$ cat data_5.cif   # mmCIF, C-alpha atoms and all ligand atoms
data_structure
#
loop_
_atom_site.label_atom_id
_atom_site.label_comp_id
_atom_site.auth_asym_id
_atom_site.auth_seq_id
_atom_site.Cartn_x
_atom_site.Cartn_y
_atom_site.Cartn_z
CA MET A 271 -110.30 36.84 200.97
CA LYS A 272 -110.37 33.06 201.48
CA LEU A 273 -106.95 31.48 201.74
CA LEU A 274 -105.66 27.94 201.83
CA ILE A 275 -102.41 27.54 203.78
CA THR A 276 -100.84 24.09 203.47
CA GLY A 277 -98.49 22.65 206.09
CA GLY A 278 -99.68 25.14 208.70
CA ALA A 279 -98.97 22.82 211.63
CA GLY A 280 -95.24 22.61 210.86
CA PHE A 281 -92.48 24.99 211.93
CA ILE A 282 -92.82 27.87 209.43
CA GLY A 283 -96.51 27.12 208.82
CA THR A 284 -97.32 27.61 212.50
CA HIS A 285 -95.90 31.13 212.45
CA LEU A 286 -97.45 31.86 209.05
CA VAL A 287 -100.96 30.76 210.04
CA ALA A 288 -100.86 32.62 213.38
CA HIS A 289 -99.60 35.77 211.63
CA PHE A 290 -102.35 35.73 208.96
CA VAL A 291 -105.19 34.79 211.34
CA ARG A 292 -104.26 37.61 213.74
CA LYS A 293 -103.25 40.31 211.28
CA TYR A 294 -106.11 39.81 208.80
CA PRO A 295 -109.35 39.20 210.74
CA ASN A 296 -111.39 39.69 207.56
CA TYR A 297 -109.56 36.88 205.72
CA PHE A 298 -110.75 33.31 206.22
CA ILE A 299 -107.83 30.89 206.61
CA VAL A 300 -108.06 27.14 206.02
CA ASN A 301 -105.01 25.26 207.25
CA LEU A 302 -104.58 21.89 205.50
CA ASP A 303 -101.99 19.63 207.11
CA LYS A 304 -101.44 15.87 207.11
CA LEU A 305 -99.96 16.01 210.61
CA THR A 306 -96.89 13.97 209.81
CA TYR A 307 -94.25 13.62 212.56
CA ALA A 308 -93.40 17.30 211.82
CA GLY A 309 -96.91 18.69 212.27
CA ASN A 310 -98.31 19.52 215.68
CA LEU A 311 -101.66 21.13 216.49
CA GLU A 312 -100.38 22.10 219.95
CA ASN A 313 -98.47 24.88 218.16
CA LEU A 314 -101.74 26.54 217.16
CA LYS A 315 -103.62 26.43 220.49
CA ALA A 316 -103.64 30.23 220.77
CA ILE A 317 -105.59 30.73 217.54
CA GLU A 318 -107.49 27.44 217.14
CA SER A 319 -110.86 28.93 218.08
CA ALA A 320 -110.51 32.13 216.06
CA GLU A 321 -113.59 32.77 213.93
CA ASN A 322 -111.58 33.28 210.77
CA TYR A 323 -109.72 29.97 211.06
CA LYS A 324 -110.39 26.32 210.24
CA PHE A 325 -108.06 23.31 210.44
CA VAL A 326 -108.45 20.38 208.06
CA LYS A 327 -106.40 17.21 208.51
CA GLY A 328 -105.49 15.87 205.08
CA ASP A 329 -102.92 15.15 202.42
CA ILE A 330 -102.07 17.58 199.61
CA CYS A 331 -101.77 14.52 197.33
CA ASP A 332 -105.45 13.65 197.90
CA VAL A 333 -107.10 14.81 194.65
CA GLU A 334 -110.69 14.44 195.87
CA LEU A 335 -110.09 16.25 199.14
CA ILE A 336 -108.44 19.20 197.40
CA GLN A 337 -111.31 19.42 194.86
CA GLN A 338 -113.83 19.31 197.70
CA LEU A 339 -112.04 22.06 199.65
CA PHE A 340 -111.88 24.32 196.59
CA GLN A 341 -115.63 23.73 195.97
CA GLU A 342 -116.54 24.44 199.57
CA TYR A 343 -114.34 27.49 200.24
CA GLN A 344 -113.78 29.05 196.79
CA PHE A 345 -110.22 30.06 197.69
CA ASP A 346 -108.75 33.28 196.33
CA GLY A 347 -105.22 32.29 197.21
CA VAL A 348 -102.99 29.41 198.24
CA LEU A 349 -99.86 29.74 200.39
CA HIS A 350 -98.14 26.42 199.86
CA CYS A 351 -95.87 25.52 202.76
CA ALA A 352 -96.46 21.76 203.20
CA ALA A 353 -93.42 19.66 202.42
CA GLU A 354 -91.11 16.95 203.59
CA SER A 355 -88.35 19.29 204.73
CA HIS A 356 -85.42 17.42 206.30
CA VAL A 357 -82.37 16.65 204.12
CA ASP A 358 -81.23 13.65 206.21
CA ARG A 359 -84.65 12.00 205.91
CA SER A 360 -84.59 12.59 202.14
CA ILE A 361 -81.35 10.64 201.91
CA LYS A 362 -83.05 7.65 203.57
CA ASP A 363 -86.44 7.87 201.82
CA PRO A 364 -86.38 9.95 198.61
CA LEU A 365 -89.75 8.74 197.33
CA ALA A 366 -91.64 10.30 200.24
CA PHE A 367 -90.14 13.62 199.11
CA VAL A 368 -91.13 13.11 195.48
CA ARG A 369 -94.66 12.26 196.55
CA THR A 370 -95.37 15.22 198.81
CA ASN A 371 -93.08 17.88 197.37
CA VAL A 372 -93.57 17.18 193.67
CA ILE A 373 -96.87 15.34 193.23
CA GLY A 374 -98.57 17.22 196.08
CA THR A 375 -97.54 20.57 194.59
CA VAL A 376 -98.76 19.62 191.10
CA ASN A 377 -102.05 18.45 192.59
CA LEU A 378 -102.56 21.88 194.18
CA LEU A 379 -101.57 23.71 190.97
CA GLN A 380 -104.02 21.60 188.99
CA ALA A 381 -106.84 22.36 191.45
CA CYS A 382 -106.12 26.11 191.18
CA LYS A 383 -106.10 25.91 187.39
CA GLU A 384 -109.41 24.01 187.29
CA HIS A 385 -111.24 26.09 189.88
CA TRP A 386 -110.01 29.49 188.83
CA LYS A 387 -110.46 28.54 185.15
CA ASP A 388 -109.86 31.54 182.90
CA ASN A 389 -110.55 34.11 185.56
CA PHE A 390 -107.25 34.46 187.33
CA THR A 391 -107.92 38.06 188.43
CA ASN A 392 -106.97 38.64 192.08
CA LYS A 393 -105.92 35.00 192.51
CA THR A 394 -102.48 33.91 193.76
CA PHE A 395 -100.64 30.62 194.12
CA TYR A 396 -97.64 31.31 196.38
CA HIS A 397 -94.95 28.65 196.55
CA ILE A 398 -92.67 28.71 199.60
CA SER A 399 -89.33 27.28 198.57
CA THR A 400 -85.73 26.99 199.61
CA ASP A 401 -82.28 28.32 198.66
CA GLU A 402 -81.07 24.69 198.47
CA VAL A 403 -82.37 24.48 194.89
CA TYR A 404 -79.33 26.55 193.84
CA GLY A 405 -76.86 23.91 195.05
CA SER A 406 -73.68 24.66 196.95
CA LEU A 407 -71.40 27.74 196.94
CA GLY A 408 -67.63 27.91 197.33
CA GLU A 409 -66.04 30.53 199.57
CA GLU A 410 -67.19 33.41 197.38
CA GLY A 411 -70.48 34.54 195.87
CA LEU A 412 -74.16 34.62 196.72
CA PHE A 413 -77.29 32.96 195.32
CA THR A 414 -79.32 35.42 193.24
CA GLU A 415 -82.68 34.82 191.57
CA GLU A 416 -80.70 34.21 188.34
CA THR A 417 -78.43 31.49 189.78
CA ALA A 418 -78.88 28.26 187.80
CA TYR A 419 -80.60 25.45 189.66
CA ASP A 420 -78.20 22.72 190.82
CA PRO A 421 -79.89 20.69 193.57
CA ARG A 422 -77.71 18.04 195.23
CA SER A 423 -79.93 16.18 197.73
CA PRO A 424 -83.19 14.33 197.15
CA TYR A 425 -84.87 17.06 199.25
CA SER A 426 -83.51 19.94 197.18
CA ALA A 427 -84.12 18.04 193.91
CA SER A 428 -87.77 17.59 194.91
CA LYS A 429 -88.11 21.29 195.82
CA ALA A 430 -86.40 22.31 192.55
CA SER A 431 -88.80 20.10 190.65
CA SER A 432 -91.80 21.67 192.40
CA ASP A 433 -90.46 25.17 191.61
CA HIS A 434 -90.22 24.18 187.93
CA PHE A 435 -93.82 22.94 187.94
CA VAL A 436 -95.01 26.20 189.53
CA ARG A 437 -93.29 28.21 186.78
CA ALA A 438 -94.59 25.79 184.13
CA TYR A 439 -98.18 26.52 185.24
CA TYR A 440 -97.44 30.24 184.99
CA HIS A 441 -95.94 30.05 181.50
CA THR A 442 -98.27 27.42 180.07
CA TYR A 443 -101.62 28.28 181.63
CA GLY A 444 -101.09 31.82 182.89
CA LEU A 445 -101.69 30.74 186.50
CA PRO A 446 -100.81 33.73 188.73
CA VAL A 447 -97.91 32.38 190.78
CA LYS A 448 -95.30 33.88 193.10
CA LEU A 449 -92.27 32.11 194.54
CA SER A 450 -89.71 32.71 197.23
CA ASN A 451 -86.50 30.85 198.02
CA CYS A 452 -85.39 31.31 201.60
CA SER A 453 -82.28 30.44 203.60
CA ASN A 454 -82.14 28.47 206.89
CA ASN A 455 -84.84 29.47 209.36
CA TYR A 456 -84.62 29.17 213.14
CA GLY A 457 -86.93 30.02 216.04
CA PRO A 458 -89.68 28.57 218.25
CA TYR A 459 -91.55 25.38 217.22
CA GLN A 460 -88.79 24.04 214.95
CA PHE A 461 -88.73 20.24 215.10
CA PRO A 462 -85.60 19.00 216.92
CA GLU A 463 -84.22 17.08 213.94
CA LYS A 464 -82.80 20.38 212.58
CA LEU A 465 -79.46 21.68 213.84
CA ILE A 466 -80.41 24.39 216.36
CA PRO A 467 -83.31 22.72 218.24
CA LEU A 468 -81.59 19.31 218.13
CA PHE A 469 -78.48 20.76 219.75
CA ILE A 470 -80.50 22.74 222.33
CA ASN A 471 -82.32 19.54 223.29
CA ASN A 472 -79.08 17.54 223.49
CA ILE A 473 -77.30 20.16 225.61
CA LEU A 474 -80.29 20.23 227.94
CA HIS A 475 -79.98 16.45 228.41
CA ASN A 476 -76.15 16.36 228.37
CA LYS A 477 -76.12 14.27 225.20
CA PRO A 478 -73.36 14.37 222.52
CA LEU A 479 -73.61 17.12 219.89
CA PRO A 480 -73.16 15.33 216.53
CA VAL A 481 -71.27 17.75 214.24
CA TYR A 482 -71.20 16.47 210.65
CA GLY A 483 -67.74 16.34 209.05
CA GLN A 484 -65.45 19.13 210.24
CA GLY A 485 -68.25 21.57 211.06
CA ILE A 486 -67.03 24.03 208.43
CA ASN A 487 -70.19 24.13 206.29
CA VAL A 488 -71.81 27.55 206.17
CA ARG A 489 -75.49 28.43 206.43
CA ASP A 490 -77.26 31.82 206.25
CA TRP A 491 -79.68 32.01 209.21
CA LEU A 492 -82.95 33.96 209.35
CA TYR A 493 -85.40 34.28 212.24
CA VAL A 494 -88.65 32.57 211.25
CA LYS A 495 -90.84 35.62 211.93
CA ASP A 496 -88.73 37.66 209.51
CA HIS A 497 -89.39 34.99 206.88
CA VAL A 498 -93.14 35.18 207.57
CA ARG A 499 -93.05 38.97 207.23
CA ALA A 500 -91.35 38.54 203.86
CA ILE A 501 -94.00 36.02 202.73
CA ASP A 502 -96.77 38.45 203.76
CA THR A 503 -95.08 41.25 201.79
CA ILE A 504 -94.55 39.15 198.65
CA PHE A 505 -98.05 37.66 198.80
CA HIS A 506 -99.65 41.12 198.89
CA ASP A 507 -97.20 43.31 196.97
CA GLY A 508 -94.93 41.02 194.92
CA ASP A 509 -95.28 40.79 191.16
CA VAL A 510 -97.02 37.83 189.56
CA GLY A 511 -94.59 35.37 187.96
CA GLU A 512 -91.68 36.68 190.03
CA THR A 513 -89.28 34.92 192.37
CA TYR A 514 -87.78 36.58 195.45
CA ASN A 515 -84.77 35.33 197.41
CA ILE A 516 -85.06 35.78 201.19
CA GLY A 517 -82.06 35.63 203.51
CA GLY A 518 -80.57 36.98 206.68
CA HIS A 519 -77.21 38.42 205.49
CA ASN A 520 -76.06 36.22 208.32
CA GLU A 521 -73.53 33.50 207.44
CA TRP A 522 -72.18 31.19 210.12
CA ARG A 523 -69.86 28.19 209.95
CA ASN A 524 -71.69 25.39 211.78
CA ILE A 525 -68.94 25.02 214.38
CA ASP A 526 -68.94 28.74 215.21
CA LEU A 527 -72.71 28.75 215.58
CA ILE A 528 -72.54 25.65 217.78
CA ARG A 529 -69.89 27.22 220.04
CA GLN A 530 -72.03 30.34 220.39
CA LEU A 531 -75.04 28.17 221.23
CA CYS A 532 -73.01 26.25 223.84
CA LEU A 533 -71.88 29.50 225.51
CA LEU A 534 -75.42 30.85 225.70
CA MET A 535 -76.77 27.55 227.02
CA ASP A 536 -74.08 27.40 229.75
CA GLU A 537 -75.06 30.91 230.81
CA LYS A 538 -78.82 30.28 230.78
CA LEU A 539 -78.59 26.89 232.53
CA GLY A 540 -76.14 28.23 235.12
CA ARG A 541 -73.51 25.68 234.06
CA GLU A 542 -69.78 26.23 234.14
CA THR A 543 -68.55 28.09 231.02
CA GLY A 544 -67.21 25.54 228.51
CA SER A 545 -69.16 22.56 229.83
CA SER A 546 -71.60 22.32 226.87
CA GLU A 547 -68.72 22.56 224.36
CA GLN A 548 -67.33 19.33 225.79
CA LEU A 549 -70.38 17.57 224.32
CA ILE A 550 -69.24 18.36 220.75
CA THR A 551 -68.59 15.11 218.84
CA TYR A 552 -67.47 15.01 215.21
CA VAL A 553 -69.42 12.34 213.30
CA THR A 554 -69.52 11.00 209.73
CA ASP A 555 -70.43 13.74 207.29
CA ARG A 556 -73.87 13.98 205.64
CA ALA A 557 -73.74 12.36 202.15
CA GLY A 558 -73.43 15.07 199.49
CA HIS A 559 -73.28 17.75 202.21
CA ASP A 560 -73.64 21.20 200.59
CA MET A 561 -70.71 23.37 201.68
CA ARG A 562 -72.14 26.85 201.74
CA TYR A 563 -75.46 28.67 201.25
CA ALA A 564 -75.68 32.47 201.17
CA ILE A 565 -78.46 34.60 199.79
CA ASP A 566 -78.40 37.87 197.90
CA ALA A 567 -81.68 39.37 199.15
CA SER A 568 -81.26 42.71 197.41
CA LYS A 569 -84.24 42.21 195.04
CA ILE A 570 -86.82 41.94 197.83
CA GLY A 571 -85.00 44.75 199.68
CA LYS A 572 -85.19 47.15 196.74
CA ALA A 573 -88.53 46.11 195.22
CA LEU A 574 -90.54 45.51 198.39
CA ASN A 575 -88.53 47.25 201.10
CA TRP A 576 -88.14 44.09 203.20
CA GLN A 577 -85.14 43.62 205.49
CA PRO A 578 -84.48 41.13 208.29
CA SER A 579 -85.28 42.81 211.61
CA LEU A 580 -83.63 40.64 214.25
CA GLN A 581 -79.88 40.36 214.91
CA PHE A 582 -78.78 36.73 215.09
CA GLU A 583 -77.38 36.93 218.64
CA GLU A 584 -80.72 38.26 219.89
CA GLY A 585 -82.73 35.76 217.82
CA LEU A 586 -80.66 32.82 219.05
CA SER A 587 -81.03 33.93 222.65
CA LYS A 588 -84.83 34.32 222.26
CA THR A 589 -85.01 30.89 220.60
CA ILE A 590 -83.13 29.19 223.45
CA ASP A 591 -85.37 30.95 225.99
CA TRP A 592 -88.44 29.63 224.16
CA TYR A 593 -87.19 26.03 224.21
CA LEU A 594 -86.24 26.27 227.88
CA ALA A 595 -89.68 27.65 228.70
CA ASN A 596 -91.35 24.90 226.63
CA GLU A 597 -89.61 21.75 227.78
CA ALA A 598 -92.96 19.93 227.80
CA TRP A 599 -93.32 20.63 224.05
CA LEU A 600 -89.79 19.32 223.47
CA ALA A 601 -90.48 16.22 225.55
CA GLN A 602 -93.71 15.54 223.67
CA VAL A 603 -92.22 15.82 220.18
CA THR A 604 -89.13 13.80 221.07
CA SER A 605 -91.09 10.82 222.38
CA GLY A 606 -92.31 7.99 220.14
CA GLU A 607 -91.13 7.96 216.52
CA TYR A 608 -88.36 10.51 217.20
CA ARG A 609 -86.44 7.97 219.27
CA ASN A 610 -86.34 5.47 216.40
CA TYR A 611 -85.30 8.22 214.00
CA TYR A 612 -82.55 9.39 216.35
CA GLN A 613 -81.23 5.88 216.91
CA GLU A 614 -81.16 5.17 213.17
CA GLN A 615 -79.59 8.54 212.20
CA TYR A 616 -76.94 8.86 214.90
CA SER A 617 -76.00 5.33 215.97
CA HIS A 618 -73.01 5.02 213.57
P1 LIG B 1 -91.78 21.23 208.60
O1 LIG B 1 -91.24 19.89 208.25
O2 LIG B 1 -91.56 21.76 209.96
O3 LIG B 1 -93.36 21.25 208.36
C1 LIG B 1 -93.95 20.68 207.21
C2 LIG B 1 -95.46 20.55 207.46
O4 LIG B 1 -96.05 19.99 206.29
C3 LIG B 1 -95.83 19.63 208.63
O5 LIG B 1 -96.82 20.23 209.43
C4 LIG B 1 -96.35 18.38 207.95
O6 LIG B 1 -97.33 17.68 208.72
C5 LIG B 1 -96.94 18.95 206.67
N1 LIG B 1 -97.01 17.96 205.58
C6 LIG B 1 -96.01 17.13 205.17
N2 LIG B 1 -96.46 16.35 204.16
C7 LIG B 1 -97.74 16.73 203.92
C8 LIG B 1 -98.72 16.30 202.99
N3 LIG B 1 -98.48 15.32 202.10
N4 LIG B 1 -99.94 16.91 203.01
C9 LIG B 1 -100.21 17.88 203.92
N5 LIG B 1 -99.32 18.31 204.84
C10 LIG B 1 -98.10 17.74 204.83
O7 LIG B 1 -91.21 22.20 207.49
P2 LIG B 1 -90.78 23.75 207.63
O8 LIG B 1 -89.39 23.82 208.09
O9 LIG B 1 -91.84 24.48 208.33
O10 LIG B 1 -90.78 24.15 206.09
C11 LIG B 1 -91.97 24.63 205.47
C12 LIG B 1 -91.70 24.96 204.01
O11 LIG B 1 -90.68 25.96 203.95
C13 LIG B 1 -91.18 23.79 203.19
O12 LIG B 1 -91.75 23.87 201.92
C14 LIG B 1 -89.67 24.00 203.13
O13 LIG B 1 -89.15 23.45 201.95
C15 LIG B 1 -89.61 25.51 203.13
N6 LIG B 1 -88.38 26.10 203.69
C16 LIG B 1 -87.94 25.75 204.95
C17 LIG B 1 -86.81 26.35 205.48
C18 LIG B 1 -86.30 26.01 206.86
O14 LIG B 1 -85.19 26.42 207.21
N7 LIG B 1 -87.05 25.29 207.68
C19 LIG B 1 -86.11 27.33 204.74
C20 LIG B 1 -86.58 27.64 203.45
C21 LIG B 1 -87.72 27.03 202.95
O1 LIG B 2 -81.44 26.42 203.45
C1 LIG B 2 -82.79 26.16 203.71
C2 LIG B 2 -82.95 24.76 204.25
O2 LIG B 2 -82.41 24.76 205.56
C3 LIG B 2 -84.40 24.28 204.25
O3 LIG B 2 -84.87 24.21 202.93
C4 LIG B 2 -84.51 22.93 204.92
O4 LIG B 2 -85.88 22.55 205.01
C5 LIG B 2 -83.91 23.01 206.30
O5 LIG B 2 -83.93 21.73 206.90
C6 LIG B 2 -82.48 23.54 206.25
O6 LIG B 2 -81.59 22.58 205.64
P1 LIG B 2 -80.13 22.25 206.25
O7 LIG B 2 -79.74 20.91 205.79
O8 LIG B 2 -79.19 23.37 206.03
O9 LIG B 2 -80.53 22.27 207.84
P2 LIG B 2 -80.11 21.31 209.06
O10 LIG B 2 -80.61 21.98 210.29
O11 LIG B 2 -80.47 19.90 208.82
O12 LIG B 2 -78.52 21.42 209.05
C7 LIG B 2 -77.85 22.67 209.18
C8 LIG B 2 -76.35 22.39 209.09
O13 LIG B 2 -75.95 21.66 210.26
C9 LIG B 2 -75.96 21.52 207.91
O14 LIG B 2 -74.71 21.96 207.42
C10 LIG B 2 -75.83 20.14 208.49
C11 LIG B 2 -75.37 20.40 209.92
N1 LIG B 2 -75.81 19.39 210.92
C12 LIG B 2 -77.15 19.12 210.99
C13 LIG B 2 -77.62 18.19 211.91
C14 LIG B 2 -79.09 17.86 211.98
C15 LIG B 2 -74.91 18.79 211.77
O15 LIG B 2 -73.70 19.09 211.73
N2 LIG B 2 -75.37 17.87 212.69
C16 LIG B 2 -76.68 17.53 212.77
O16 LIG B 2 -77.03 16.66 213.60
#
$ encode --input "data_5.cif" --output "structure tokens"
Amino acid sequence: MKLLITGGAGFIGTHLVAHFVRKYPNYFIVNLDKLTYAGNLENLKAIESAENYKFVKGDICDVELIQQLFQEYQFDGVLHCAAESHVDRSIKDPLAFVRTNVIGTVNLLQACKEHWKDNFTNKTFYHISTDEVYGSLGEEGLFTEETAYDPRSPYSASKASSDHFVRAYYHTYGLPVKLSNCSNNYGPYQFPEKLIPLFINNILHNKPLPVYGQGINVRDWLYVKDHVRAIDTIFHDGDVGETYNIGGHNEWRNIDLIRQLCLLMDEKLGRETGSSEQLITYVTDRAGHDMRYAIDASKIGKALNWQPSLQFEEGLSKTIDWYLANEAWLAQVTSGEYRNYYQEQYSH
């Protein structure tokens, strides 16, 4: 099987590419990534010279490049992971999100349709999406696959739009698609603009921990390798045209998660208990901040026998250990453009 994975140098993509390259030596994997600020080839050092792997630097919006790659490799499947993924950046620059997340996705769908023509047998376009397309929950309830779309941020609106295009290609042209909508991921290689790695990095450097609003928003956290296992399962065994929700059954209020993180960091850094918590600073809330996400993952549990494997406390501890053991990686990704971003995002 020849597979195109997009966005394979980002957080989830890194784990996805490494998993497929190692687990399926008889598949050939092409990783197409633009290497934006979020993409980093250092993440893939361990597999970069594998015989069944090739990296291509490029943009999913580049029509000619995508045509050329399909001609050259005759892909049987696409796992589409590339995206602009950070909500705060989408609030500042929505058009970048429309371009990559909407136009880039349609460009890939169109290439699949043209190259696979009327022979869709054993072909798959897998779209990796987010639970944010469903909007925001109150205190009760869970997102199911039937929950109506209600995106609230430019990021989630762009992902919702791309989901609609994927389904439109299924219904209109019969393109064999699969989709999954996952909750918040955490783990090694996550870019430190997202809550957990940003706060680990700030605690390490004794910098303020900027909690948006009152810190009472709730997220459902899943270890990234559990997400990748779910993607593998859906890609191979999921039904064509179906959507699967993926989540951790693991809801945390931000402030509770942050306190837990502070405690663990104090312990691991040998600091006095309570010292990291003193860095907590309440700042202006994110515009349109979704209050609560929580996933009903019973469909994938029943249909495909997938369950999250790692308890959050263990996953969080492993994640902190990884960042502490990879301070050079953190230092590298937080130099340059990151400083301007940080200044702009957190200076008021
Ligand atoms: P990320 O920002 O860490 O990585 C995105 C990758 O895509 C980067 O390597 C970047 O260089 C690449 N990219 C961006 N624009 C591109 C373009 N135009 N052409 C080619 N490559 C491009 O994102 P992530 O957190 O790994 O998320 C991956 C996917 O999973 C996204 O589609 C996101 O919506 C989805 N998702 C993420 C989470 C999460 O918690 N991180 C949860 C559910 C779903
Ligand atoms: O639910 C899945 C989504 O999870 C993915 O689709 C997105 O790509 C991913 O970025 C993530 O979105 P969130 O907005 O939930 O993640 P983030 O890490 O940015 O924020 C998590 C929570 O923490 C959210 O309620 C906002 C809050 N927060 C975040 C940052 C960066 C803060 O309080 N302070 C911060 O500095």
$ atom_distance --input "data_5.cif" --atom1 "CA of His285 (chain A)" --atom2 "CA of Gly606 (chain A)"
24.6 Å
$ closest_residue --input "data_5.cif" --among "A:Val494, A:Ile361, A:Cys382, A:Ala573" --to "ligand LIG 1 (chain B)" --atoms "all atoms listed in the file"
A:Val494
$ closest_residue --input "data_5.cif" --among "A:Leu365, A:Leu492, A:Ile470, A:Leu531" --to "ligand LIG 1 (chain B)" --atoms "all atoms listed in the file"
A:Leu492
$ atom_distance --input "data_5.cif" --atom1 "CA of Ala279 (chain A)" --atom2 "CA of Lys362 (chain A)"
23.4 Å
$ residues_near_ligand --input "data_5.cif" --ligand "ligand LIG 1 (chain B)" --cutoff "6 Å" --atoms "all atoms listed in the file" --output "number ranges by chain"
A: 277-283, 303-306, 308-309, 328-331, 351-355, 370, 398-400, 452-455
$ write_last_selection --input "data_5.cif" --atoms "C-alpha atoms" --output "PDB file, in the frame of the given file"
ATOM      1  CA  GLY A 277     -98.490  22.650 206.090  1.00  0.00           C
ATOM      2  CA  GLY A 278     -99.680  25.140 208.700  1.00  0.00           C
ATOM      3  CA  ALA A 279     -98.970  22.820 211.630  1.00  0.00           C
ATOM      4  CA  GLY A 280     -95.240  22.610 210.860  1.00  0.00           C
ATOM      5  CA  PHE A 281     -92.480  24.990 211.930  1.00  0.00           C
ATOM      6  CA  ILE A 282     -92.820  27.870 209.430  1.00  0.00           C
ATOM      7  CA  GLY A 283     -96.510  27.120 208.820  1.00  0.00           C
ATOM      8  CA  ASP A 303    -101.990  19.630 207.110  1.00  0.00           C
ATOM      9  CA  LYS A 304    -101.440  15.870 207.110  1.00  0.00           C
ATOM     10  CA  LEU A 305     -99.960  16.010 210.610  1.00  0.00           C
ATOM     11  CA  THR A 306     -96.890  13.970 209.810  1.00  0.00           C
ATOM     12  CA  ALA A 308     -93.400  17.300 211.820  1.00  0.00           C
ATOM     13  CA  GLY A 309     -96.910  18.690 212.270  1.00  0.00           C
ATOM     14  CA  GLY A 328    -105.490  15.870 205.080  1.00  0.00           C
ATOM     15  CA  ASP A 329    -102.920  15.150 202.420  1.00  0.00           C
ATOM     16  CA  ILE A 330    -102.070  17.580 199.610  1.00  0.00           C
ATOM     17  CA  CYS A 331    -101.770  14.520 197.330  1.00  0.00           C
ATOM     18  CA  CYS A 351     -95.870  25.520 202.760  1.00  0.00           C
ATOM     19  CA  ALA A 352     -96.460  21.760 203.200  1.00  0.00           C
ATOM     20  CA  ALA A 353     -93.420  19.660 202.420  1.00  0.00           C
ATOM     21  CA  GLU A 354     -91.110  16.950 203.590  1.00  0.00           C
ATOM     22  CA  SER A 355     -88.350  19.290 204.730  1.00  0.00           C
ATOM     23  CA  THR A 370     -95.370  15.220 198.810  1.00  0.00           C
ATOM     24  CA  ILE A 398     -92.670  28.710 199.600  1.00  0.00           C
ATOM     25  CA  SER A 399     -89.330  27.280 198.570  1.00  0.00           C
ATOM     26  CA  THR A 400     -85.730  26.990 199.610  1.00  0.00           C
ATOM     27  CA  CYS A 452     -85.390  31.310 201.600  1.00  0.00           C
ATOM     28  CA  SER A 453     -82.280  30.440 203.600  1.00  0.00           C
ATOM     29  CA  ASN A 454     -82.140  28.470 206.890  1.00  0.00           C
ATOM     30  CA  ASN A 455     -84.840  29.470 209.360  1.00  0.00           C
TER      31      ASN A 455
END
$ residues_around --input "data_5.cif" --residues "Lys272 (chain A)" --least-positions-apart "6" --cutoff "8 Å" --atoms "all atoms listed in the file" --output "list of chain:residue names"
A:Tyr297, A:Phe298, A:Ile299, A:Val300, A:Tyr343, A:Gln344, A:Phe345, A:Asp346, A:Gly347
$ write_last_selection --input "data_5.cif" --atoms "C-alpha atoms" --output "short mmCIF file (atom, residue, chain, number, x, y, z; two decimals), in the coordinates of the input"
data_model
loop_
_atom_site.label_atom_id
_atom_site.label_comp_id
_atom_site.auth_asym_id
_atom_site.auth_seq_id
_atom_site.Cartn_x
_atom_site.Cartn_y
_atom_site.Cartn_z
CA TYR A 297 -109.56 36.88 205.72
CA PHE A 298 -110.75 33.31 206.22
CA ILE A 299 -107.83 30.89 206.61
CA VAL A 300 -108.06 27.14 206.02
CA TYR A 343 -114.34 27.49 200.24
CA GLN A 344 -113.78 29.05 196.79
CA PHE A 345 -110.22 30.06 197.69
CA ASP A 346 -108.75 33.28 196.33
CA GLY A 347 -105.22 32.29 197.21
#
$ closest_residue --input "data_5.cif" --among "A:Leu407, A:Ile565, A:Ile550, A:Val488" --to "Asn515 (chain A)" --atoms "all atoms listed in the file"
A:Ile565
$ residues_near_ligand --input "data_5.cif" --ligand "ligand LIG 2 (chain B)" --cutoff "7 Å" --atoms "only C-alpha atoms and all ligand atoms" --output "mmCIF file with C-alpha atoms, in the coordinates of the input"
data_model
loop_
_atom_site.group_PDB
_atom_site.id
_atom_site.type_symbol
_atom_site.label_atom_id
_atom_site.label_comp_id
_atom_site.auth_asym_id
_atom_site.auth_seq_id
_atom_site.Cartn_x
_atom_site.Cartn_y
_atom_site.Cartn_z
ATOM 1 C CA SER A 355 -88.350 19.290 204.730
ATOM 2 C CA HIS A 356 -85.420 17.420 206.300
ATOM 3 C CA VAL A 357 -82.370 16.650 204.120
ATOM 4 C CA ASP A 358 -81.230 13.650 206.210
ATOM 5 C CA SER A 399 -89.330 27.280 198.570
ATOM 6 C CA THR A 400 -85.730 26.990 199.610
ATOM 7 C CA ASP A 401 -82.280 28.320 198.660
ATOM 8 C CA GLU A 402 -81.070 24.690 198.470
ATOM 9 C CA CYS A 452 -85.390 31.310 201.600
ATOM 10 C CA SER A 453 -82.280 30.440 203.600
ATOM 11 C CA ASN A 454 -82.140 28.470 206.890
ATOM 12 C CA ASN A 455 -84.840 29.470 209.360
ATOM 13 C CA GLU A 463 -84.220 17.080 213.940
ATOM 14 C CA LYS A 464 -82.800 20.380 212.580
ATOM 15 C CA LEU A 465 -79.460 21.680 213.840
ATOM 16 C CA ILE A 466 -80.410 24.390 216.360
ATOM 17 C CA LEU A 468 -81.590 19.310 218.130
ATOM 18 C CA PRO A 480 -73.160 15.330 216.530
ATOM 19 C CA VAL A 481 -71.270 17.750 214.240
ATOM 20 C CA TYR A 482 -71.200 16.470 210.650
ATOM 21 C CA GLY A 485 -68.250 21.570 211.060
ATOM 22 C CA ASN A 487 -70.190 24.130 206.290
ATOM 23 C CA VAL A 488 -71.810 27.550 206.170
ATOM 24 C CA ARG A 489 -75.490 28.430 206.430
ATOM 25 C CA ASN A 524 -71.690 25.390 211.780
ATOM 26 C CA HIS A 559 -73.280 17.750 202.210
ATOM 27 C CA ASP A 560 -73.640 21.200 200.590
ATOM 28 C CA TYR A 563 -75.460 28.670 201.250
#
